[in-house]
file coords-v2.txt (compact mmCIF, C-alpha atoms)
# COMPACT_ATOMS: atom_id res chain seq x y z
CA MET A 1 70.91 103.96 144.67
CA ASP A 2 68.91 102.79 141.63
CA GLN A 3 69.97 99.43 140.19
CA ARG A 4 69.70 100.54 136.56
CA PHE A 5 72.45 98.17 135.41
CA SER A 6 71.39 95.03 137.27
CA GLY A 7 72.11 91.98 135.12
CA ARG A 8 74.00 94.04 132.55
CA THR A 9 77.62 94.36 131.48
CA VAL A 10 79.36 97.55 130.42
CA LEU A 11 82.82 97.70 128.87
CA VAL A 12 84.79 100.87 129.63
CA THR A 13 87.97 101.93 127.84
CA GLY A 14 90.11 103.87 130.29
CA ALA A 15 90.61 103.17 134.00
CA THR A 16 91.20 106.65 135.42
CA GLY A 17 89.22 109.88 135.54
CA ILE A 18 85.92 109.65 133.65
CA GLY A 19 86.42 105.95 132.89
CA ALA A 20 87.04 105.06 136.52
CA SER A 21 84.13 107.14 137.78
CA THR A 22 81.78 105.55 135.26
CA ALA A 23 82.97 102.03 136.09
CA GLU A 24 82.41 102.63 139.80
CA ARG A 25 78.96 104.09 139.23
CA VAL A 26 77.81 101.27 136.95
CA ALA A 27 79.03 98.72 139.51
CA SER A 28 77.28 100.58 142.33
CA GLU A 29 74.05 100.39 140.32
CA GLY A 30 74.23 96.63 139.98
CA GLY A 31 76.15 96.23 136.73
CA SER A 32 79.23 94.24 135.81
CA VAL A 33 82.09 96.25 134.33
CA PHE A 34 85.02 95.21 132.17
CA VAL A 35 87.71 97.90 132.08
CA VAL A 36 90.35 98.10 129.34
CA SER A 37 93.42 100.23 129.97
CA LEU A 38 97.04 100.59 128.90
CA ASP A 39 98.15 100.27 132.53
CA GLN A 40 97.48 97.51 135.03
CA GLU A 41 97.63 99.54 138.26
CA PRO A 42 94.35 101.49 137.77
CA ILE A 43 92.61 98.28 136.73
CA ASP A 44 93.75 96.63 139.97
CA ARG A 45 92.53 99.62 141.96
CA LEU A 46 89.08 99.36 140.41
CA ARG A 47 88.99 95.59 140.99
CA HIS A 48 89.66 96.19 144.67
CA SER A 49 86.83 98.72 144.83
CA SER A 50 84.18 96.26 143.64
CA ASP A 51 83.88 92.56 142.89
CA ARG A 52 81.70 93.56 139.94
CA ILE A 53 84.69 95.05 138.11
CA ASP A 54 87.29 93.16 136.11
CA GLY A 55 89.51 94.11 133.19
CA MET A 56 92.68 93.73 131.18
CA THR A 57 95.46 95.79 129.64
CA ALA A 58 95.37 96.46 125.91
CA ASP A 59 96.60 99.03 123.41
CA LEU A 60 93.37 100.00 121.69
CA THR A 61 95.18 101.45 118.69
CA ASP A 62 95.97 97.81 117.85
CA GLU A 63 93.20 95.94 116.05
CA SER A 64 93.95 92.48 117.42
CA ALA A 65 94.23 93.85 120.96
CA ALA A 66 90.83 95.54 120.69
CA GLU A 67 89.26 92.32 119.41
CA ALA A 68 90.87 90.36 122.24
CA ALA A 69 89.55 92.80 124.85
CA PHE A 70 85.96 92.34 123.75
CA SER A 71 86.40 88.56 123.61
CA ALA A 72 87.77 88.62 127.17
CA CYS A 73 84.81 90.68 128.36
CA LEU A 74 82.35 88.21 126.88
CA GLU A 75 84.27 85.28 128.30
CA ARG A 76 84.26 86.87 131.76
CA PHE A 77 80.67 88.11 131.93
CA GLY A 78 78.84 86.36 129.09
CA ARG A 79 77.16 89.41 127.62
CA LEU A 80 77.68 93.02 126.53
CA ASP A 81 75.02 95.69 126.98
CA GLY A 82 76.91 98.97 126.98
CA VAL A 83 80.24 100.50 126.04
CA LEU A 84 81.91 103.74 127.11
CA ALA A 85 84.72 104.78 124.77
CA VAL A 86 87.02 107.11 126.72
CA ALA A 87 90.52 106.10 125.59
CA GLY A 88 92.49 108.95 124.00
CA GLY A 89 94.51 111.91 125.17
CA SER A 90 96.39 115.12 124.58
CA GLY A 91 98.82 115.25 121.70
CA ARG A 92 100.96 118.05 123.09
CA ARG A 93 103.91 115.73 123.55
CA PHE A 94 103.77 114.99 119.84
CA GLY A 95 103.76 118.68 118.94
CA ASP A 96 100.03 119.41 118.81
CA GLY A 97 99.22 123.10 119.08
CA PRO A 98 98.32 125.93 116.67
CA VAL A 99 98.02 124.53 113.15
CA ASP A 100 100.96 126.54 111.80
CA GLN A 101 103.22 124.90 114.40
CA VAL A 102 102.03 121.27 114.21
CA PRO A 103 104.34 118.83 112.38
CA LEU A 104 102.69 116.17 110.24
CA SER A 105 104.00 113.53 112.65
CA GLY A 106 102.28 115.34 115.54
CA TRP A 107 99.02 115.57 113.61
CA GLU A 108 99.09 111.88 112.71
CA ALA A 109 100.03 110.73 116.21
CA THR A 110 97.32 112.82 117.89
CA VAL A 111 94.62 111.75 115.46
CA ARG A 112 95.64 108.09 115.73
CA MET A 113 95.72 108.18 119.53
CA ASN A 114 92.18 109.57 119.69
CA MET A 115 90.44 108.20 116.61
CA SER A 116 91.73 104.63 116.33
CA PRO A 117 90.65 103.49 119.84
CA MET A 118 87.23 105.09 119.31
CA PHE A 119 86.77 103.46 115.90
CA LEU A 120 87.88 100.00 117.05
CA THR A 121 85.86 100.20 120.27
CA VAL A 122 82.67 101.21 118.47
CA ARG A 123 83.23 98.64 115.73
CA GLU A 124 83.70 95.80 118.20
CA ALA A 125 80.75 97.00 120.27
CA VAL A 126 78.45 96.85 117.25
CA ARG A 127 79.78 93.41 116.33
CA ASN A 128 79.15 92.08 119.83
CA MET A 129 75.68 93.51 120.54
CA PRO A 130 73.38 91.19 118.58
CA GLU A 131 70.41 92.15 120.74
CA GLY A 132 71.16 95.87 120.83
CA GLY A 133 72.74 98.09 123.45
CA SER A 134 74.16 101.51 124.15
CA ILE A 135 77.47 103.02 123.07
CA VAL A 136 78.72 106.31 124.50
CA VAL A 137 81.75 108.10 123.08
CA VAL A 138 83.58 110.71 125.15
CA THR A 139 84.47 113.64 122.92
CA SER A 140 85.18 117.22 124.14
CA VAL A 141 83.74 120.71 124.08
CA LEU A 142 86.85 121.51 122.02
CA GLY A 143 85.28 119.45 119.27
CA LEU A 144 82.23 121.72 119.33
CA GLN A 145 83.75 125.17 119.73
CA PRO A 146 87.18 126.73 120.34
CA GLN A 147 88.41 127.93 123.72
CA ARG A 148 91.28 130.41 123.79
CA MET A 149 93.22 128.64 126.55
CA PHE A 150 93.40 125.34 124.66
CA VAL A 151 94.93 125.71 121.20
CA THR A 152 95.47 122.08 120.19
CA HIS A 153 94.16 121.85 116.67
CA ALA A 154 94.82 118.18 115.94
CA TYR A 155 93.02 117.19 119.16
CA ALA A 156 90.11 119.49 118.32
CA ALA A 157 89.87 117.98 114.85
CA ALA A 158 89.80 114.45 116.24
CA LYS A 159 87.12 115.30 118.78
CA SER A 160 85.04 117.10 116.15
CA ALA A 161 85.32 114.09 113.84
CA ALA A 162 84.06 111.93 116.70
CA VAL A 163 80.78 113.86 116.65
CA GLY A 164 80.22 113.14 112.97
CA PHE A 165 81.18 109.51 113.50
CA VAL A 166 78.71 109.10 116.37
CA LYS A 167 75.82 110.52 114.34
CA ALA A 168 76.61 108.40 111.28
CA VAL A 169 76.87 105.17 113.28
CA ALA A 170 73.75 106.02 115.27
CA SER A 171 71.78 106.45 112.06
CA ARG A 172 72.96 103.15 110.62
CA TYR A 173 72.31 100.93 113.66
CA ALA A 174 69.20 102.43 115.27
CA ALA A 175 67.03 99.81 113.60
CA ALA A 176 69.19 97.12 115.22
CA GLY A 177 68.47 98.53 118.66
CA ILE A 178 71.96 99.99 119.10
CA ARG A 179 72.03 103.53 120.45
CA VAL A 180 75.14 105.67 119.92
CA ASN A 181 75.60 108.97 121.72
CA ALA A 182 78.42 111.19 122.97
CA VAL A 183 79.26 113.25 126.01
CA ALA A 184 81.37 116.37 125.49
CA PRO A 185 83.07 117.35 128.76
CA GLY A 186 84.55 120.70 129.54
CA LEU A 187 87.83 120.95 131.43
CA THR A 188 87.68 118.02 133.86
CA ALA A 189 89.93 117.10 136.77
CA THR A 190 91.48 113.96 135.26
CA PRO A 191 95.08 112.75 134.95
CA MET A 192 95.18 114.18 131.40
CA ALA A 193 94.46 117.63 132.84
CA ARG A 194 97.25 117.67 135.45
CA ARG A 195 99.25 120.27 133.51
CA ALA A 196 96.20 122.53 133.25
CA ALA A 197 95.36 122.03 136.92
CA GLY A 198 98.83 123.26 137.88
CA ASP A 199 98.64 126.44 135.81
CA PRO A 200 97.11 129.41 137.71
CA ASP A 201 95.93 131.12 134.51
CA THR A 202 94.13 127.99 133.35
CA VAL A 203 92.56 127.48 136.77
CA ALA A 204 91.31 131.09 136.77
CA TYR A 205 89.98 130.66 133.23
CA ALA A 206 88.11 127.50 134.21
CA ARG A 207 86.60 129.25 137.21
CA SER A 208 85.08 131.97 135.02
CA LYS A 209 84.33 129.80 131.97
CA GLN A 210 82.71 126.93 133.91
CA PRO A 211 80.79 128.79 136.64
CA LEU A 212 78.48 125.90 137.52
CA ALA A 213 81.52 123.87 138.55
CA GLU A 214 83.39 126.88 139.98
CA GLY A 215 86.45 125.60 138.13
CA MET A 216 87.35 122.20 136.74
CA LEU A 217 84.59 119.62 136.54
CA PRO A 218 84.69 116.55 138.77
CA PRO A 219 84.81 113.39 136.63
CA GLU A 220 81.78 112.11 138.54
CA SER A 221 79.61 114.71 136.77
CA VAL A 222 80.62 113.41 133.36
CA ALA A 223 80.16 109.82 134.56
CA ALA A 224 76.60 110.63 135.65
CA ALA A 225 75.77 111.85 132.15
CA ALA A 226 77.44 108.81 130.59
CA CYS A 227 75.47 106.47 132.83
CA PHE A 228 72.24 108.20 131.85
CA LEU A 229 73.00 107.56 128.17
CA LEU A 230 74.10 103.99 128.86
CA SER A 231 70.94 103.20 130.81
CA ASP A 232 67.33 102.61 129.82
CA ASP A 233 66.58 106.12 131.06
CA ALA A 234 67.86 107.17 127.62
CA ARG A 235 66.31 104.27 125.70
CA HIS A 236 64.81 106.62 123.12
CA VAL A 237 67.94 108.77 122.71
CA THR A 238 70.48 108.22 119.95
CA GLY A 239 72.78 110.31 117.76
CA GLN A 240 73.03 113.06 120.37
CA VAL A 241 75.93 114.96 121.93
CA LEU A 242 75.45 115.97 125.57
CA ALA A 243 77.78 118.76 126.66
CA VAL A 244 78.77 118.47 130.33
CA ASP A 245 80.79 121.65 130.65
CA GLY A 246 79.70 123.64 133.68
CA GLY A 247 78.35 126.36 131.38
CA ALA A 248 81.42 126.72 129.15
CA SER A 249 79.49 126.51 125.89
CA VAL A 250 77.26 129.47 126.83
CA VAL A 251 79.49 131.59 129.06
CA GLU A 252 82.26 133.97 128.04
CA ALA A 253 85.31 133.96 130.27
call {"tool": "encode", "arguments": {"input": "coords-v2.txt", "output": "structure tokens"}}
result
Amino acid sequence: MDQRFSGRTVLVTGATGIGASTAERVASEGGSVFVVSLDQEPIDRLRHSSDRIDGMTADLTDESAAEAAFSACLERFGRLDGVLAVAGGSGRRFGDGPVDQVPLSGWEATVRMNMSPMFLTVREAVRNMPEGGSIVVVTSVLGLQPQRMFVTHAYAAAKSAAVGFVKAVASRYAAAGIRVNAVAPGLTATPMARRAAGDPDTVAYARSKQPLAEGMLPPESVAAAACFLLSDDARHVTGQVLAVDGGASVVEA
């Protein structure tokens, strides 16, 4: 496999699903990876998979915790070249759903869970890349267009806002050699999607809506796109959103 990340360090927020797949791929291509997660167990699992991977637990909605995570990464590996911002999640447990049914508390909790980690991660990445680098934000196809099986309006709003944020930050820091892009996955087989994976109607919908994947996407496909954007293969790409959706954005179910 190509050694695109040899001598480089990538920080990844999230240690399962897309985050885990990206960490493993970067390490397999010669890079060092620092993983930040709420839970220790997936970090330990990734550590055991490669001696190039290390990490720590942190709540990335907390400003001091986010700052500490980046400091720990630099202390461990001495440099920072790329960042993948994955941390976030579904707000259904807070009451996210159709807008007429979402309580203000559910809106605020969902937006905070998805927007605050992204903001703090990107902010700290910019602060700690004096020689430039690549930042990739994981948004969602739900931030680009609606899908009838997934009516979670606070989540869609947060993921749509991420697109505007990526473009604005990319514009500001291009001259500093910092590239900022996003990947927008379709329905992907991650821990967040367990409920969907267990629903026959959702599985059938994914099979028709994402024909290239014949159902839910493997996280490795999204990781491959993220690694492209993190690497020098995309050295002239910034401010872009790459949909990795198995055809969902152009196919009617």
call {"tool": "closest_residue", "arguments": {"input": "coords-v2.txt", "among": "A:Thr9, A:Ser116, A:Thr16, A:Gln3", "to": "A:Arg45", "atoms": "only C-alpha atoms"}}
result
A:Thr16
call {"tool": "atom_distance", "arguments": {"input": "coords-v2.txt", "atom1": "atom CA of A:Cys227", "atom2": "atom CA of A:Arg25"}}
result
7.7 Å
call {"tool": "atom_distance", "arguments": {"input": "coords-v2.txt", "atom1": "atom CA of A:Ser140", "atom2": "atom CA of A:Lys159"}}
result
6.0 Å
call {"tool": "atom_distance", "arguments": {"input": "coords-v2.txt", "atom1": "atom CA of A:Lys167", "atom2": "atom CA of A:Gln240"}}
result
7.1 Å
call {"tool": "closest_atom_pairs", "arguments": {"input": "coords-v2.txt", "of": "stretch 64-181 of chain A", "to": "stretch 50-58 of chain A", "cutoff": "7 Å", "atoms": "all atoms listed in the file", "output": "CSV"}}
result
residue,atom,partner,partner_atom,distance
A:Ala65,CA,A:Ala58,CA,5.7
A:Ala66,CA,A:Ala58,CA,7.0
A:Ala69,CA,A:Ala58,CA,7.0
call {"tool": "closest_residue", "arguments": {"input": "coords-v2.txt", "among": "A:Gly97, A:Pro191, A:Gly247, A:Pro185", "to": "A:Ala213", "atoms": "all atoms listed in the file"}}
result
A:Gly247
call {"tool": "closest_residue", "arguments": {"input": "coords-v2.txt", "among": "A:Ala206, A:Leu84, A:Val244, A:Val251", "to": "A:Val180", "atoms": "all atoms listed in the file"}}
result
A:Leu84
call {"tool": "residues_around", "arguments": {"input": "coords-v2.txt", "residues": "A:Phe119", "least_positions_apart": "3", "cutoff": "12 Å", "atoms": "only C-alpha atoms", "output": "list in words"}}
result
Leu60, Thr61, Asp62, Glu63, Ala66, Glu67, Ala85, Val86, Ala87, Gly88, Val111, Arg112, Met113, Asn114, Met115, Ser116, Val122, Arg123, Glu124, Ala125, Val126, Ile135, Val137, Ala158, Ala161, Ala162, Phe165, Val166 and Val169 of chain A
call {"tool": "closest_residue", "arguments": {"input": "coords-v2.txt", "among": "A:Arg76, A:Arg47, A:Arg148, A:His153", "to": "A:Gly95", "atoms": "only C-alpha atoms"}}
result
A:His153
call {"tool": "closest_atom_pairs", "arguments": {"input": "coords-v2.txt", "of": "stretch 154-243 of chain A", "to": "stretch 5-8 of chain A", "cutoff": "12 Å", "atoms": "only C-alpha atoms", "output": "CSV"}}
result
residue,atom,partner,partner_atom,distance
A:Cys227,CA,A:Phe5,CA,9.2
A:Phe228,CA,A:Phe5,CA,10.6
A:Leu229,CA,A:Phe5,CA,11.9
A:Leu230,CA,A:Phe5,CA,8.9
A:Ser231,CA,A:Phe5,CA,7.0
A:Asp232,CA,A:Phe5,CA,8.8
A:Asp233,CA,A:Phe5,CA,10.8
call {"tool": "axis_aligned_box", "arguments": {"input": "coords-v2.txt", "around": "stretch 34-37 of chain A", "padding_each_side": "8 Å", "output": "JSON"}}
result
{"center_x": 89.2, "center_y": 97.7, "center_z": 130.8, "size_x": 24.4, "size_y": 21.0, "size_z": 18.8}
call {"tool": "closest_residue", "arguments": {"input": "coords-v2.txt", "among": "A:Met216, A:Leu46, A:Cys73, A:Val102", "to": "A:Phe34", "atoms": "all atoms listed in the file"}}
result
A:Cys73
call {"tool": "residues_around", "arguments": {"input": "coords-v2.txt", "residues": "A:Gly239", "least_positions_apart": "2", "cutoff": "12 Å", "atoms": "all atoms listed in the file", "output": "PyMOL selection string"}}
result
chain A and resi 134-137+162-174+178-183+229+234-237+241-242
